[in-house]
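Comments concern the structure below.
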Amino acid sequence: MTPIFSLFSRLLFEVAIGARDVSTINKFGGIVLGIAAIDDILLGSKYFIMESCGMAWITHVGGFALSKVLAQDKKYFDKPANAPTRVVQVLVKDGDDARNLVSAVWGQFCVVGTMLGVGLVWALVRGWQSTLVGFAVAPVFAVTMMAQTRLVSRCEIRNKGPREEVPKVYCEIISNIRGISCIAFEGVFRSQFDAATDKTLITGVMGAFVEGCTYPHLPR
């Protein structure tokens, strides 16, 4: 939809020369408003469809994984790597992280691939000389994207640990709720849970600044 917004330049031109032709201004103004409305509807539909597909996919995968876990014998859960807290963490937290693969990554990959493919073909058809000159900026763009990706990856790795700690502490409290109530250790475990959530919030806010600064530069 972005190239279609070039009609906005005609509207700016008509206004800049003194708004002499009111009918033309109204015509192109209505067209621009219509395009903006369609663009927002398509953008919202994209997010709705991809989020729905991602949730349906992760629900199916989670149900399949849970059925496999329930089919295991007792020796499977005696291993430290297969503790109930770890299993719940993998099913819930890691599954939610994998949902972004469908809801965000695949959709954005299709959008970027389509924009680059169609844009390059159209540019080569209209003027291949100028397009080849524009390729000189490609290394700068690639280096910038690599730096941005590395920063975001570091933030994700740093945020993953605190996010995993919250369900781990929660599962430990729930699994030992009777013992905690008997020995009156509610305050201790509450402070542990609050500390885990506070740490997650702090690291999340710090990472959101890095990721949020690069979001406006990504194609929708």
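Please note that chains go A, B, ... in the order of the structure tokens, that every chain numbers its residues from 1, and that ligands are numbered from 1 in the order shown.
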Can you tell me, as a PyMOL selection string, what residues are no more than 12 Å from Ala65 (chain A) when counting only C-alpha atoms, ignoring any on the same chain fewer than 4 positions away?
chain A and resi 58-61+69-72+87-88+90-92+95
Writing out the chosen residues with C-alpha atoms as a compact mmCIF listing (two decimals), in the first residue's frame:
```txt
# COMPACT_ATOMS: atom_id res chain seq x y z
CA ILE A 58 0.58 -23.65 19.36
CA THR A 59 -2.63 -25.03 20.90
CA HIS A 60 -2.41 -28.05 18.63
CA VAL A 61 1.29 -28.56 19.32
CA VAL A 69 4.08 -36.37 28.39
CA LEU A 70 1.09 -38.04 30.03
CA ALA A 71 1.92 -41.28 28.23
CA GLN A 72 5.33 -41.50 29.94
CA VAL A 87 7.91 -29.70 31.79
CA VAL A 88 5.33 -27.00 32.51
CA VAL A 90 8.59 -25.94 28.26
CA LEU A 91 4.93 -26.50 27.43
CA VAL A 92 3.76 -23.03 28.45
CA GLY A 95 5.39 -22.77 23.44
```
Find the residues of region 16-88 of chain A that sit at most 10 Å from region 103-123 of chain A; for each, write down the nearest two atoms and how far apart they are in Å, to one decimal. Count only C-alpha atoms. Sort by chain, then by number going up, and give it as a Markdown table.
```
| residue | atom | partner | partner_atom | distance |
| --- | --- | --- | --- | --- |
| A:Lys46 | CA | A:Gly107 | CA | 7.9 |
| A:Tyr47 | CA | A:Ser103 | CA | 7.4 |
| A:Phe48 | CA | A:Ser103 | CA | 8.8 |
| A:Ile49 | CA | A:Ser103 | CA | 8.2 |
| A:Met50 | CA | A:Ser103 | CA | 4.5 |
| A:Glu51 | CA | A:Ser103 | CA | 4.7 |
| A:Ser52 | CA | A:Ser103 | CA | 7.6 |
| A:Cys53 | CA | A:Ser103 | CA | 6.8 |
| A:Gly54 | CA | A:Ser103 | CA | 4.9 |
| A:Met55 | CA | A:Ser103 | CA | 8.0 |
| A:Trp57 | CA | A:Ser103 | CA | 9.7 |
```
Writing out the chosen residues with C-alpha atoms as a PDB file, in the first residue's frame:
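File produced: out_16.pdb:
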```pdb
ATOM      1  CA  LYS A  46      -3.022  -9.343   8.907  1.00  0.00           C
ATOM      2  CA  TYR A  47      -2.339  -9.236  12.634  1.00  0.00           C
ATOM      3  CA  PHE A  48      -5.679 -10.861  13.456  1.00  0.00           C
ATOM      4  CA  ILE A  49      -5.215 -13.706  10.979  1.00  0.00           C
ATOM      5  CA  MET A  50      -1.585 -14.373  11.894  1.00  0.00           C
ATOM      6  CA  GLU A  51      -2.250 -14.238  15.642  1.00  0.00           C
ATOM      7  CA  SER A  52      -5.204 -16.603  15.218  1.00  0.00           C
ATOM      8  CA  CYS A  53      -3.106 -18.998  13.144  1.00  0.00           C
ATOM      9  CA  GLY A  54      -0.273 -18.823  15.669  1.00  0.00           C
ATOM     10  CA  MET A  55      -2.594 -19.526  18.597  1.00  0.00           C
ATOM     11  CA  TRP A  57      -0.898 -23.900  15.870  1.00  0.00           C
TER      12      TRP A  57
END
```
Residue neighbourhood Thr200 (chain A), 7 Å, only C-alpha atoms, exclusion window fewer than 3 positions, as a short mmCIF file (atom, residue, chain, number, x, y, z; two decimals) with N, CA and C atoms, in the first residue's frame:
```
data_model
loop_
_atom_site.label_atom_id
_atom_site.label_comp_id
_atom_site.auth_asym_id
_atom_site.auth_seq_id
_atom_site.Cartn_x
_atom_site.Cartn_y
_atom_site.Cartn_z
N ASN A 159 16.37 -11.36 28.42
CA ASN A 159 15.02 -11.39 28.97
C ASN A 159 14.49 -12.80 29.18
N PRO A 162 14.95 -14.29 33.10
CA PRO A 162 13.95 -13.84 34.08
C PRO A 162 12.53 -14.29 33.76
N ARG A 163 12.17 -14.34 32.47
CA ARG A 163 10.83 -14.80 32.12
C ARG A 163 10.62 -16.26 32.48
N ALA A 196 11.11 -12.17 41.39
CA ALA A 196 11.22 -12.70 40.02
C ALA A 196 10.42 -11.85 39.03
N THR A 197 9.21 -11.46 39.42
CA THR A 197 8.40 -10.64 38.52
C THR A 197 8.99 -9.24 38.35
N THR A 203 14.05 -6.02 33.18
CA THR A 203 14.75 -6.45 31.96
C THR A 203 13.86 -6.27 30.73
N GLY A 204 12.55 -6.47 30.89
CA GLY A 204 11.65 -6.28 29.76
C GLY A 204 11.58 -4.84 29.31
#
```
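When CA of Gly34 (chain A) is paired with CA of Val22 (chain A), their separation reads 18.1 Å.
Shortest atom-to-atom contact with Lys160 (chain A) among A:Gly44, A:Gly207, A:Gly18, A:Gly30: A:Gly207, counting only C-alpha atoms.
Pairwise distance (CA of Ser67 (chain A), CA of Pro84 (chain A)) equals 14.5 Å.
The residue that comes closest to Lys199 (chain A), out of A:Cys182, A:Val166, A:Ile35, A:Ile174 and on the basis of only C-alpha atoms, is A:Val166.
Note that the spacing between CA of Ala208 (chain A) and CA of Glu156 (chain A) amounts to 9.7 Å.
Ranking A:Ile183, A:Ile177, A:Glu172, A:Asp198 by their shortest atom-to-atom distance to Thr85 (chain A), with only C-alpha atoms included, puts A:Glu172 first.
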